[in-house]
$ cat structure-v3.cif   # mmCIF, C-alpha atoms
data_target
#
loop_
_atom_site.label_atom_id
_atom_site.label_comp_id
_atom_site.auth_asym_id
_atom_site.auth_seq_id
_atom_site.Cartn_x
_atom_site.Cartn_y
_atom_site.Cartn_z
CA MET N 678 89.65 52.94 112.27
CA ALA N 679 90.26 56.38 110.82
CA HIS N 680 92.22 58.85 112.89
CA PRO N 681 89.99 61.47 114.63
CA SER N 682 91.74 64.32 112.81
CA LEU N 683 90.92 62.72 109.46
CA LEU N 684 87.29 62.33 110.47
CA SER N 685 87.16 65.99 111.51
CA ALA N 686 88.70 67.05 108.22
CA GLY N 687 86.20 64.93 106.32
CA VAL N 688 83.28 66.45 108.19
CA GLY N 689 84.67 69.93 107.53
CA VAL N 690 85.00 69.29 103.80
CA ALA N 691 81.49 67.84 103.65
CA ALA N 692 80.07 70.85 105.50
CA LEU N 693 81.89 73.22 103.15
CA GLY N 694 80.51 71.33 100.16
CA VAL N 695 76.98 71.54 101.51
CA GLY N 696 77.39 75.27 102.20
CA ILE N 697 78.70 75.98 98.70
CA SER N 698 75.94 73.90 97.10
CA TYR N 699 73.31 75.74 99.13
CA SER N 700 74.73 79.13 98.14
CA PHE N 701 74.85 78.09 94.48
CA LEU N 702 71.22 76.91 94.53
CA ARG N 703 70.10 80.10 96.29
CA ARG N 704 71.81 82.24 93.66
CA GLN N 705 70.23 80.24 90.84
CA HIS N 706 66.79 80.53 92.46
CA PHE N 707 67.31 84.27 92.89
CA ALA N 708 68.27 84.58 89.21
CA ARG N 709 65.21 82.61 88.06
CA SER N 710 62.92 84.74 90.21
CA TRP N 711 64.41 87.91 88.73
CA ARG N 712 64.06 86.59 85.16
CA LYS N 713 60.40 85.85 85.83
CA GLN N 714 59.89 89.38 87.15
CA LEU N 715 61.85 90.79 84.21
CA GLU N 716 59.39 89.21 81.77
CA GLU N 717 56.70 91.52 83.13
CA LEU N 718 58.81 94.68 82.84
CA ASP N 719 59.08 97.02 79.85
CA PRO N 720 62.38 98.95 79.48
CA LYS N 721 60.48 101.60 77.52
CA LYS N 722 58.60 102.57 80.68
CA PRO N 723 60.65 104.87 82.97
CA ASN N 724 59.49 103.22 86.21
CA ASP N 725 60.34 99.77 84.88
CA THR N 726 63.70 101.02 83.63
CA ASP N 727 64.55 102.39 87.07
CA LEU N 728 63.56 99.10 88.69
CA ILE N 729 65.80 97.13 86.32
CA ILE N 730 68.72 99.51 86.87
CA LYS N 731 68.34 99.27 90.65
CA HIS N 732 68.53 95.48 90.40
CA VAL N 733 71.49 95.46 88.01
CA VAL N 734 73.49 97.96 90.08
CA GLY N 735 72.35 97.01 93.56
CA TYR N 736 72.13 93.23 93.39
CA ASP N 737 73.77 91.50 90.43
CA TYR N 738 76.64 93.70 89.24
CA PRO N 739 77.61 96.40 91.78
CA LEU N 740 81.37 96.12 91.14
CA GLU N 741 81.06 95.76 87.37
CA MET N 742 78.86 98.87 87.10
CA PHE N 743 81.22 100.80 89.37
CA LEU N 744 84.24 99.84 87.25
CA ALA N 745 82.37 100.56 84.02
CA LEU N 746 81.60 104.10 85.17
CA ASN N 747 85.18 104.78 86.20
CA PHE N 748 86.83 103.13 83.20
CA CYS N 749 84.57 105.29 81.04
CA PHE N 750 86.82 108.16 82.17
CA TYR N 751 89.63 106.55 80.19
CA ARG N 752 87.58 106.31 77.02
CA THR N 753 86.87 110.04 77.09
CA PHE N 754 90.59 110.84 77.34
CA CYS N 755 91.09 109.87 73.69
CA SER N 756 89.18 113.06 72.87
CA PRO N 757 91.59 116.04 72.90
CA THR N 758 88.64 118.38 73.50
CA ILE N 759 87.44 116.57 76.61
CA ALA N 760 90.97 115.91 77.89
CA GLY N 761 91.75 119.61 77.42
CA VAL N 762 88.75 120.66 79.53
CA TYR N 763 89.85 118.29 82.31
CA ARG N 764 93.38 119.72 82.14
CA ASN N 765 92.26 123.34 82.18
CA THR N 766 89.99 122.87 85.19
CA GLY N 767 92.53 120.73 87.04
CA ALA N 768 89.60 118.73 88.45
CA ILE N 769 91.29 115.41 87.71
CA ALA N 770 94.99 116.19 87.79
CA ASN N 771 94.84 118.02 91.13
CA THR N 772 92.01 116.26 93.00
CA VAL N 773 91.58 112.96 91.19
CA ASP N 774 90.14 110.97 94.11
CA LYS N 775 87.55 113.65 94.91
CA ARG N 776 86.65 114.02 91.23
CA ALA N 777 86.06 110.29 90.85
CA CYS N 778 84.11 110.00 94.11
CA ASP N 779 81.93 113.02 93.30
CA THR N 780 81.07 111.62 89.88
CA ASP N 781 80.35 108.17 91.31
CA LEU N 782 78.15 109.74 93.96
CA LEU N 783 76.06 111.99 91.71
CA MET N 784 75.53 109.32 89.06
CA HIS N 785 74.83 106.45 91.44
CA ILE N 786 72.10 108.55 93.06
CA TRP N 787 70.21 108.21 89.77
CA MET N 788 70.69 104.46 89.78
CA ASP N 789 70.09 103.87 93.49
CA TYR N 790 67.04 106.10 93.91
CA GLY N 791 65.66 106.57 90.40
CA LEU N 792 66.51 109.23 87.85
CA ASP N 793 63.30 111.20 88.35
CA SER N 794 63.04 110.73 92.10
CA GLU N 795 63.49 113.84 94.25
CA LEU N 796 67.10 112.91 94.97
CA GLY N 797 67.75 111.91 91.36
CA LYS N 798 66.37 115.21 90.07
CA SER N 799 68.46 117.17 92.57
CA SER N 800 71.53 115.29 91.40
CA TYR N 801 71.16 115.86 87.66
CA LEU N 802 70.11 119.50 88.09
CA HIS N 803 73.22 120.06 90.20
CA LEU N 804 75.39 118.30 87.62
CA ASN N 805 73.84 120.38 84.85
CA LYS N 806 74.96 123.54 86.65
CA ILE N 807 78.52 122.22 86.93
CA HIS N 808 78.60 121.18 83.27
CA GLY N 809 77.12 124.54 82.33
CA LEU N 810 80.41 126.15 83.35
CA HIS N 811 82.09 124.23 80.50
CA ALA N 812 79.31 124.60 77.94
CA THR N 813 81.31 127.00 75.77
CA LYS N 814 84.40 124.76 75.85
CA THR N 815 82.80 121.38 75.18
CA ARG N 816 80.84 120.56 72.03
CA ASN N 817 77.47 118.83 72.19
CA VAL N 818 78.93 115.92 70.22
CA ASP N 819 81.55 115.42 72.94
CA PHE N 820 78.90 115.30 75.67
CA VAL N 821 76.94 112.78 73.58
CA PHE N 822 80.12 110.71 73.19
CA VAL N 823 80.54 110.56 76.98
CA LEU N 824 76.89 109.59 77.38
CA CYS N 825 77.18 106.79 74.82
CA CYS N 826 80.43 105.55 76.41
CA LEU N 827 78.57 105.12 79.69
CA VAL N 828 76.12 102.82 77.92
CA VAL N 829 78.69 100.81 75.97
CA ASP N 830 81.01 100.31 78.94
CA ALA N 831 78.24 99.35 81.37
CA ILE N 832 77.00 96.64 79.02
CA GLN N 833 80.47 95.41 78.07
CA PHE N 834 81.82 95.20 81.63
CA THR N 835 78.82 93.35 83.02
CA ASN N 836 78.69 90.97 80.07
CA ASP N 837 82.42 90.21 80.08
CA TYR N 838 83.17 90.10 83.80
CA GLY N 839 79.87 89.58 85.63
CA TRP N 840 78.81 86.21 87.05
CA LYS N 841 76.23 85.90 84.26
CA LYS N 842 75.40 87.60 80.98
CA LEU N 843 72.99 90.50 80.86
CA HIS N 844 69.46 89.78 79.71
CA LEU N 845 68.40 91.62 76.55
CA LYS N 846 65.93 93.68 78.57
CA GLU N 847 68.69 94.66 80.99
CA LYS N 848 70.83 95.90 78.10
CA GLN N 849 67.89 97.83 76.73
CA ALA N 850 67.16 99.30 80.16
CA ILE N 851 70.74 100.58 80.46
CA TRP N 852 70.34 102.32 77.12
CA GLU N 853 66.90 103.75 77.93
CA PHE N 854 68.17 104.95 81.31
CA TYR N 855 71.10 106.88 79.87
CA HIS N 856 68.97 108.17 76.99
CA ARG N 857 66.75 109.77 79.64
CA VAL N 858 69.89 111.11 81.35
CA GLY N 859 70.87 112.78 78.08
CA GLU N 860 67.43 114.34 77.78
CA ARG N 861 67.60 115.65 81.36
CA MET N 862 70.99 117.16 80.54
CA GLU N 863 69.42 118.82 77.48
CA LEU N 864 71.77 117.17 74.98
CA LYS N 865 70.89 117.28 71.30
CA ASP N 866 71.19 114.65 68.56
CA ILE N 867 71.26 111.68 70.95
CA PRO N 868 71.20 108.34 69.09
CA ASN N 869 67.74 106.79 68.95
CA THR N 870 68.65 103.14 69.56
CA LEU N 871 71.24 101.05 71.36
CA GLU N 872 72.68 99.98 68.01
CA GLU N 873 73.08 103.61 66.94
CA CYS N 874 74.69 104.37 70.31
CA ILE N 875 77.34 101.67 69.81
CA ALA N 876 77.96 102.81 66.23
CA PHE N 877 78.35 106.42 67.43
CA VAL N 878 81.10 105.46 69.91
CA ASP N 879 82.93 103.43 67.26
CA LYS N 880 82.74 106.21 64.68
CA TYR N 881 83.87 108.90 67.13
CA THR N 882 86.78 106.75 68.31
CA GLU N 883 87.94 105.77 64.83
CA ASP N 884 87.86 109.35 63.50
CA ASN N 885 91.24 111.02 64.10
CA ARG N 886 89.59 114.42 64.02
CA SER N 887 87.62 113.67 67.19
CA ALA N 888 89.87 111.07 68.85
CA ARG N 889 93.65 110.84 68.82
CA VAL N 890 96.67 110.62 71.09
CA SER N 891 97.21 113.87 72.99
CA LYS N 892 99.55 115.02 75.72
CA ASP N 893 96.59 115.74 78.00
CA GLY N 894 95.02 112.35 77.36
CA VAL N 895 98.25 110.49 78.12
CA ALA N 896 98.79 112.46 81.34
CA LEU N 897 95.21 111.91 82.53
CA THR N 898 95.44 108.20 81.75
CA LYS N 899 98.41 107.96 84.09
CA VAL N 900 96.62 109.92 86.82
CA ILE N 901 93.56 107.66 86.76
CA THR N 902 95.70 104.52 86.66
CA ASP N 903 97.57 105.75 89.73
CA LEU N 904 94.20 106.20 91.44
CA VAL N 905 93.17 102.64 90.55
CA CYS N 906 96.41 101.42 92.14
CA GLU N 907 95.51 103.35 95.31
CA TRP N 908 92.02 101.84 95.40
CA TYR N 909 93.38 98.31 95.17
CA TYR N 910 96.40 98.90 97.38
CA LEU N 911 96.58 95.26 98.51
CA ALA N 912 97.67 94.29 94.99
CA PRO N 913 101.17 95.22 93.74
CA PRO N 914 101.04 98.45 91.68
CA PHE N 915 102.63 96.77 88.64
CA LEU N 916 99.82 94.20 88.66
CA CYS N 917 97.15 96.91 88.83
CA ARG N 918 98.75 98.66 85.84
CA ILE N 919 98.80 95.43 83.86
CA ALA N 920 95.16 94.78 84.74
CA ALA N 921 94.12 98.31 83.74
CA SER N 922 95.91 98.04 80.40
CA VAL N 923 94.37 94.64 79.62
CA LEU N 924 90.86 95.84 80.50
CA LEU N 925 91.30 98.99 78.44
CA TYR N 926 92.54 97.01 75.45
CA GLN N 927 89.58 94.67 75.68
CA MET N 928 87.28 97.70 75.74
CA GLY N 929 88.68 98.53 72.29
CA PRO N 930 92.14 98.29 70.68
CA THR N 931 91.75 101.55 68.74
CA PHE N 932 90.74 103.58 71.77
CA HIS N 933 93.52 101.87 73.79
CA SER N 934 96.16 102.96 71.28
CA LYS N 935 94.81 106.53 71.27
CA LEU N 936 95.59 106.74 74.97
CA GLY N 937 99.23 106.24 74.02
CA LEU N 938 99.32 102.73 75.50
CA GLU N 939 101.18 99.73 74.11
CA LYS N 940 99.39 96.45 73.50
CA PRO N 941 99.72 94.18 76.58
CA SER N 942 101.72 90.97 76.26
CA ILE N 943 100.13 87.56 75.77
CA PHE N 944 101.20 86.71 79.31
CA SER N 945 99.37 89.79 80.63
CA PHE N 946 96.16 88.80 78.84
CA ALA N 947 96.41 85.24 80.16
CA LEU N 948 97.14 86.32 83.72
CA ILE N 949 94.38 88.91 84.07
CA ASN N 950 91.70 86.98 82.18
CA SER N 951 92.44 83.83 84.18
CA ALA N 952 91.99 85.79 87.41
CA LEU N 953 88.74 87.28 86.11
CA TRP N 954 87.48 83.84 85.09
CA VAL N 955 88.21 82.47 88.57
CA ARG N 956 86.38 85.43 90.13
CA LYS N 957 83.38 84.78 87.90
CA GLN N 958 83.23 81.11 88.95
CA LEU N 959 83.57 81.99 92.63
CA LEU N 960 80.74 84.51 92.39
CA ARG N 961 78.46 81.78 91.08
CA LEU N 962 79.10 79.84 94.30
CA THR N 963 78.36 82.72 96.67
CA PRO N 964 74.89 83.52 98.06
CA PRO N 965 72.95 86.28 96.30
CA ARG N 966 72.78 89.77 97.72
CA THR N 967 69.47 90.22 99.57
CA ILE N 968 69.91 93.91 100.43
CA PRO N 969 70.72 96.33 97.57
CA TYR N 970 74.17 97.90 97.65
CA LYS N 971 73.81 101.68 97.39
CA LEU N 972 77.19 103.15 96.56
CA SER N 973 75.81 106.69 96.70
CA ASP N 974 74.93 106.24 100.38
CA VAL N 975 78.37 104.79 101.12
CA ILE N 976 80.21 107.69 99.48
CA MET N 977 77.97 110.33 101.04
CA SER N 978 78.52 108.92 104.53
CA THR N 979 82.25 108.24 104.21
CA LYS N 980 83.38 111.24 102.14
CA TYR N 981 80.88 113.88 103.26
CA SER N 982 79.97 112.47 106.70
CA CYS N 983 76.27 113.17 106.28
CA PRO N 984 73.10 111.34 105.24
CA MET N 985 71.75 111.51 101.72
CA SER N 986 69.55 114.58 101.14
CA LYS N 987 68.88 117.29 98.59
CA GLN N 988 70.82 119.70 100.79
CA SER N 989 73.91 117.49 100.88
CA ILE N 990 73.82 116.83 97.12
CA VAL N 991 74.40 120.50 96.25
CA GLN N 992 77.63 120.41 98.26
CA VAL N 993 79.13 117.77 95.96
CA GLY N 994 81.68 118.83 93.35
CA PRO N 995 84.85 120.90 92.84
CA VAL N 996 85.00 123.62 95.49
CA GLU N 997 85.81 126.41 93.05
CA MET N 998 82.85 125.45 90.85
CA LEU N 999 80.46 125.22 93.80
CA GLU N 1000 81.35 128.81 94.68
CA LYS N 1001 80.28 129.91 91.20
CA ILE N 1002 77.01 127.98 90.94
CA ASN N 1003 75.83 128.42 94.54
CA THR N 1004 76.24 132.19 94.68
#
$ encode --input "structure-v3.cif" --output "structure tokens"
Amino acid sequence: MAHPSLLSAGVGVAALGVGISYSFLRRQHFARSWRKQLEELDPKKPNDTDLIIKHVVGYDYPLEMFLALNFCFYRTFCSPTIAGVYRNTGAIANTVDKRACDTDLLMHIWMDYGLDSELGKSSYLHLNKIHGLHATKTRNVDFVFVLCCLVVDAIQFTNDYGWKKLHLKEKQAIWEFYHRVGERMELKDIPNTLEECIAFVDKYTEDNRSARVSKDGVALTKVITDLVCEWYYLAPPFLCRIAASVLLYQMGPTFHSKLGLEKPSIFSFALINSALWVRKQLLRLTPPRTIPYKLSDVIMSTKYSCPMSKQSIVQVGPVEMLEKINT
């Protein structure tokens, strides 16, 4: 007769297996239901686009979309013009955590509530006022580059590191969403298609006149990497730096080199990608999210200690800039 402890262990393993199988089946059912709903949606329609974005950000890929937005900072640092504006304002070098949180907050409001909702409109109008302070220092082409980077990185991160690949309509919705963002920010000469958007980023990055190693870009890269290490403080800092370098290289070798970074070692690639692969497999075994994750609400409550409202939105941003635009 088996020892009681062995029987207990066997029952525990069986229960765990049943739980994992149930979670896996629930996630697959959730994904099939979403695909069926997606078939009825048209990314060309603003309301449908907002619905798709809310699902992508709130249910399927909250972490991937968060990382994509923040790693997009890095991509813009290869532009001496953009890096110079960041340096001159001191918004990143002096208050990096606040700068990142403010940007995450204002942009996730669009995703969480809809770009043309009352809160979404308040957010982009407020951001337009802040950007207006730099209008004479930043070229339209540089703003368009940032916009296109947001698209490229969102699609790449979710495709490469999410628990499943993006559907074609989800990719198109990300593009249509940010195209509307560009229109609301009154940018000119925005690419007309997703393919043109990707080509624009590649051309801008490859051209040494618009993108190259600069002292400001190198310094800002270090500042943001230090912030990433603070966010994931449970991991050793050296491991966070390796992970950041690997992810940046996989975003694009040319852009990686123009940040003044050296190519990671084969061991670094193997280590980080193995960990990401394990995470992807584990996500497939977890139950689906049934309540949307709204990062904008989280940041507003934790950083500003107030509920989301149009009144609280206009208090977001660098203090010295708020004094100029709110007077």
$ atom_distance --input "structure-v3.cif" --atom1 "CA of Cys825 in chain N" --atom2 "CA of Ile875 in chain N"
7.2 Å
$ resolve_selection --input "structure-v3.cif" --expression "the PyMOL selection byres ((chain N and resi 781-784) around 10)" --output "mmCIF file with C-alpha atoms, in the frame of the given file"
data_model
loop_
_atom_site.group_PDB
_atom_site.id
_atom_site.type_symbol
_atom_site.label_atom_id
_atom_site.label_comp_id
_atom_site.auth_asym_id
_atom_site.auth_seq_id
_atom_site.Cartn_x
_atom_site.Cartn_y
_atom_site.Cartn_z
ATOM 1 C CA PHE N 743 81.220 100.800 89.370
ATOM 2 C CA LEU N 746 81.600 104.100 85.170
ATOM 3 C CA ASN N 747 85.180 104.780 86.200
ATOM 4 C CA LYS N 775 87.550 113.650 94.910
ATOM 5 C CA ARG N 776 86.650 114.020 91.230
ATOM 6 C CA ALA N 777 86.060 110.290 90.850
ATOM 7 C CA CYS N 778 84.110 110.000 94.110
ATOM 8 C CA ASP N 779 81.930 113.020 93.300
ATOM 9 C CA THR N 780 81.070 111.620 89.880
ATOM 10 C CA HIS N 785 74.830 106.450 91.440
ATOM 11 C CA ILE N 786 72.100 108.550 93.060
ATOM 12 C CA TRP N 787 70.210 108.210 89.770
ATOM 13 C CA MET N 788 70.690 104.460 89.780
ATOM 14 C CA ASP N 789 70.090 103.870 93.490
ATOM 15 C CA LEU N 792 66.510 109.230 87.850
ATOM 16 C CA LEU N 796 67.100 112.910 94.970
ATOM 17 C CA GLY N 797 67.750 111.910 91.360
ATOM 18 C CA SER N 799 68.460 117.170 92.570
ATOM 19 C CA SER N 800 71.530 115.290 91.400
ATOM 20 C CA TYR N 801 71.160 115.860 87.660
ATOM 21 C CA HIS N 803 73.220 120.060 90.200
ATOM 22 C CA LEU N 804 75.390 118.300 87.620
ATOM 23 C CA VAL N 858 69.890 111.110 81.350
ATOM 24 C CA LYS N 971 73.810 101.680 97.390
ATOM 25 C CA LEU N 972 77.190 103.150 96.560
ATOM 26 C CA SER N 973 75.810 106.690 96.700
ATOM 27 C CA ASP N 974 74.930 106.240 100.380
ATOM 28 C CA VAL N 975 78.370 104.790 101.120
ATOM 29 C CA ILE N 976 80.210 107.690 99.480
ATOM 30 C CA MET N 977 77.970 110.330 101.040
ATOM 31 C CA LYS N 980 83.380 111.240 102.140
ATOM 32 C CA ILE N 990 73.820 116.830 97.120
ATOM 33 C CA VAL N 991 74.400 120.500 96.250
ATOM 34 C CA VAL N 993 79.130 117.770 95.960
ATOM 35 C CA GLY N 994 81.680 118.830 93.350
#
$ atom_distance --input "structure-v3.cif" --atom1 "CA of Asp903 in chain N" --atom2 "CA of Tyr970 in chain N"
25.9 Å
$ resolve_selection --input "structure-v3.cif" --expression "the PyMOL selection byres ((chain N and resi 969) around 6)" --output "number ranges by chain"
N: 735-736, 968, 970
$ closest_residue --input "structure-v3.cif" --among "N:Thr898, N:Thr931, N:Asp830, N:Ile949" --to "Leu916 in chain N" --atoms "all atoms listed in the file"
N:Ile949
$ closest_residue --input "structure-v3.cif" --among "N:Asn869, N:Thr758, N:Ser982, N:Thr835" --to "Glu741 in chain N" --atoms "only C-alpha atoms"
N:Thr835
$ atom_distance --input "structure-v3.cif" --atom1 "CA of Lys731 in chain N" --atom2 "CA of Thr967 in chain N"
12.8 Å
$ residues_around --input "structure-v3.cif" --residues "Leu718 in chain N" --least-positions-apart "3" --cutoff "9 Å" --atoms "all atoms listed in the file" --output "MDAnalysis selection string"
chainID N and resid 714:715 721:722 725:726 728:729 846
$ residues_near_point --input "structure-v3.cif" --point "(80.4, 95.6, 80.7)" --cutoff "12 Å" --atoms "all atoms listed in the file" --output "mmCIF file with C-alpha atoms, keeping the file's coordinate frame"
data_model
loop_
_atom_site.group_PDB
_atom_site.id
_atom_site.type_symbol
_atom_site.label_atom_id
_atom_site.label_comp_id
_atom_site.auth_asym_id
_atom_site.auth_seq_id
_atom_site.Cartn_x
_atom_site.Cartn_y
_atom_site.Cartn_z
ATOM 1 C CA VAL N 733 71.490 95.460 88.010
ATOM 2 C CA VAL N 734 73.490 97.960 90.080
ATOM 3 C CA TYR N 738 76.640 93.700 89.240
ATOM 4 C CA PRO N 739 77.610 96.400 91.780
ATOM 5 C CA LEU N 740 81.370 96.120 91.140
ATOM 6 C CA GLU N 741 81.060 95.760 87.370
ATOM 7 C CA MET N 742 78.860 98.870 87.100
ATOM 8 C CA PHE N 743 81.220 100.800 89.370
ATOM 9 C CA LEU N 744 84.240 99.840 87.250
ATOM 10 C CA ALA N 745 82.370 100.560 84.020
ATOM 11 C CA LEU N 746 81.600 104.100 85.170
ATOM 12 C CA ASN N 747 85.180 104.780 86.200
ATOM 13 C CA PHE N 748 86.830 103.130 83.200
ATOM 14 C CA CYS N 749 84.570 105.290 81.040
ATOM 15 C CA CYS N 826 80.430 105.550 76.410
ATOM 16 C CA LEU N 827 78.570 105.120 79.690
ATOM 17 C CA VAL N 828 76.120 102.820 77.920
ATOM 18 C CA VAL N 829 78.690 100.810 75.970
ATOM 19 C CA ASP N 830 81.010 100.310 78.940
ATOM 20 C CA ALA N 831 78.240 99.350 81.370
ATOM 21 C CA ILE N 832 77.000 96.640 79.020
ATOM 22 C CA GLN N 833 80.470 95.410 78.070
ATOM 23 C CA PHE N 834 81.820 95.200 81.630
ATOM 24 C CA THR N 835 78.820 93.350 83.020
ATOM 25 C CA ASN N 836 78.690 90.970 80.070
ATOM 26 C CA ASP N 837 82.420 90.210 80.080
ATOM 27 C CA TYR N 838 83.170 90.100 83.800
ATOM 28 C CA GLY N 839 79.870 89.580 85.630
ATOM 29 C CA TRP N 840 78.810 86.210 87.050
ATOM 30 C CA LYS N 841 76.230 85.900 84.260
ATOM 31 C CA LYS N 842 75.400 87.600 80.980
ATOM 32 C CA LEU N 843 72.990 90.500 80.860
ATOM 33 C CA GLU N 847 68.690 94.660 80.990
ATOM 34 C CA LYS N 848 70.830 95.900 78.100
ATOM 35 C CA ILE N 851 70.740 100.580 80.460
ATOM 36 C CA LEU N 924 90.860 95.840 80.500
ATOM 37 C CA LEU N 925 91.300 98.990 78.440
ATOM 38 C CA GLN N 927 89.580 94.670 75.680
ATOM 39 C CA MET N 928 87.280 97.700 75.740
#
$ residues_near_point --input "structure-v3.cif" --point "(96.2, 94.6, 75.9)" --cutoff "8 Å" --atoms "all atoms listed in the file" --output "list of chain:residue names"
N:Ser922, N:Val923, N:Leu924, N:Leu925, N:Tyr926, N:Gln927, N:Pro930, N:Glu939, N:Lys940, N:Pro941, N:Ser942, N:Ser945, N:Phe946
$ closest_residue --input "structure-v3.cif" --among "N:Gly859, N:Pro964, N:Pro720, N:Pro757" --to "Arg889 in chain N" --atoms "only C-alpha atoms"
N:Pro757
$ closest_residue --input "structure-v3.cif" --among "N:Cys983, N:Cys917, N:Ala896, N:Ala850" --to "Gly937 in chain N" --atoms "all atoms listed in the file"
N:Ala896
$ resolve_selection --input "structure-v3.cif" --expression "the PyMOL selection byres ((chain N and resi 816) around 12)" --output "PDB file with C-alpha atoms, keeping the file's coordinate frame"
ATOM      1  CA  SER N 756      89.180 113.060  72.870  1.00  0.00           C
ATOM      2  CA  PRO N 757      91.590 116.040  72.900  1.00  0.00           C
ATOM      3  CA  THR N 758      88.640 118.380  73.500  1.00  0.00           C
ATOM      4  CA  ILE N 759      87.440 116.570  76.610  1.00  0.00           C
ATOM      5  CA  VAL N 762      88.750 120.660  79.530  1.00  0.00           C
ATOM      6  CA  HIS N 808      78.600 121.180  83.270  1.00  0.00           C
ATOM      7  CA  GLY N 809      77.120 124.540  82.330  1.00  0.00           C
ATOM      8  CA  HIS N 811      82.090 124.230  80.500  1.00  0.00           C
ATOM      9  CA  ALA N 812      79.310 124.600  77.940  1.00  0.00           C
ATOM     10  CA  THR N 813      81.310 127.000  75.770  1.00  0.00           C
ATOM     11  CA  LYS N 814      84.400 124.760  75.850  1.00  0.00           C
ATOM     12  CA  THR N 815      82.800 121.380  75.180  1.00  0.00           C
ATOM     13  CA  ASN N 817      77.470 118.830  72.190  1.00  0.00           C
ATOM     14  CA  VAL N 818      78.930 115.920  70.220  1.00  0.00           C
ATOM     15  CA  ASP N 819      81.550 115.420  72.940  1.00  0.00           C
ATOM     16  CA  PHE N 820      78.900 115.300  75.670  1.00  0.00           C
ATOM     17  CA  VAL N 821      76.940 112.780  73.580  1.00  0.00           C
ATOM     18  CA  PHE N 822      80.120 110.710  73.190  1.00  0.00           C
ATOM     19  CA  VAL N 823      80.540 110.560  76.980  1.00  0.00           C
ATOM     20  CA  LEU N 864      71.770 117.170  74.980  1.00  0.00           C
ATOM     21  CA  LYS N 865      70.890 117.280  71.300  1.00  0.00           C
ATOM     22  CA  ASP N 866      71.190 114.650  68.560  1.00  0.00           C
ATOM     23  CA  SER N 887      87.620 113.670  67.190  1.00  0.00           C
TER      24      SER N 887
END
$ closest_residue --input "structure-v3.cif" --among "N:Asp793, N:Tyr981, N:Arg861, N:Ile919" --to "Ile943 in chain N" --atoms "all atoms listed in the file"
N:Ile919
$ axis_aligned_box --input "structure-v3.cif" --around "range 870-886 of chain N" --padding-each-side "8 Å" --output "lines of an AutoDock Vina configuration file"
center_x = 79.9
center_y = 107.2
center_z = 67.4
size_x = 38.6
size_y = 30.4
size_z = 23.9
$ closest_residue --input "structure-v3.cif" --among "N:Gln958, N:Ser794, N:Ile697, N:Phe932" --to "Asn885 in chain N" --atoms "only C-alpha atoms"
N:Phe932
$ build_atoms --input "structure-v3.cif" --residues "range 896-907 of chain N" --atoms "N, CA and C atoms" --output "CSV table (one decimal), in the coordinates of the input"
chain,number,residue,atom,x,y,z
N,896,ALA,N,98.6,112.1,79.9
N,896,ALA,CA,98.8,112.5,81.3
N,896,ALA,C,97.6,112.1,82.2
N,897,LEU,N,96.4,112.3,81.7
N,897,LEU,CA,95.2,111.9,82.5
N,897,LEU,C,95.1,110.4,82.7
N,898,THR,N,95.5,109.7,81.7
N,898,THR,CA,95.4,108.2,81.8
N,898,THR,C,96.3,107.7,82.9
N,899,LYS,N,97.5,108.3,83.0
N,899,LYS,CA,98.4,108.0,84.1
N,899,LYS,C,97.8,108.3,85.4
N,900,VAL,N,97.2,109.5,85.5
N,900,VAL,CA,96.6,109.9,86.8
N,900,VAL,C,95.5,109.0,87.3
N,901,ILE,N,94.6,108.6,86.4
N,901,ILE,CA,93.6,107.7,86.8
N,901,ILE,C,94.1,106.3,87.1
N,902,THR,N,95.1,105.8,86.4
N,902,THR,CA,95.7,104.5,86.7
N,902,THR,C,96.3,104.5,88.0
N,903,ASP,N,97.0,105.6,88.4
N,903,ASP,CA,97.6,105.8,89.7
N,903,ASP,C,96.5,105.7,90.8
N,904,LEU,N,95.3,106.3,90.5
N,904,LEU,CA,94.2,106.2,91.4
N,904,LEU,C,93.7,104.8,91.6
N,905,VAL,N,93.6,104.0,90.5
N,905,VAL,CA,93.2,102.6,90.6
N,905,VAL,C,94.1,101.8,91.4
N,906,CYS,N,95.4,102.1,91.3
N,906,CYS,CA,96.4,101.4,92.1
N,906,CYS,C,96.2,101.7,93.6
N,907,GLU,N,95.8,103.0,93.9
N,907,GLU,CA,95.5,103.4,95.3
N,907,GLU,C,94.3,102.6,95.8
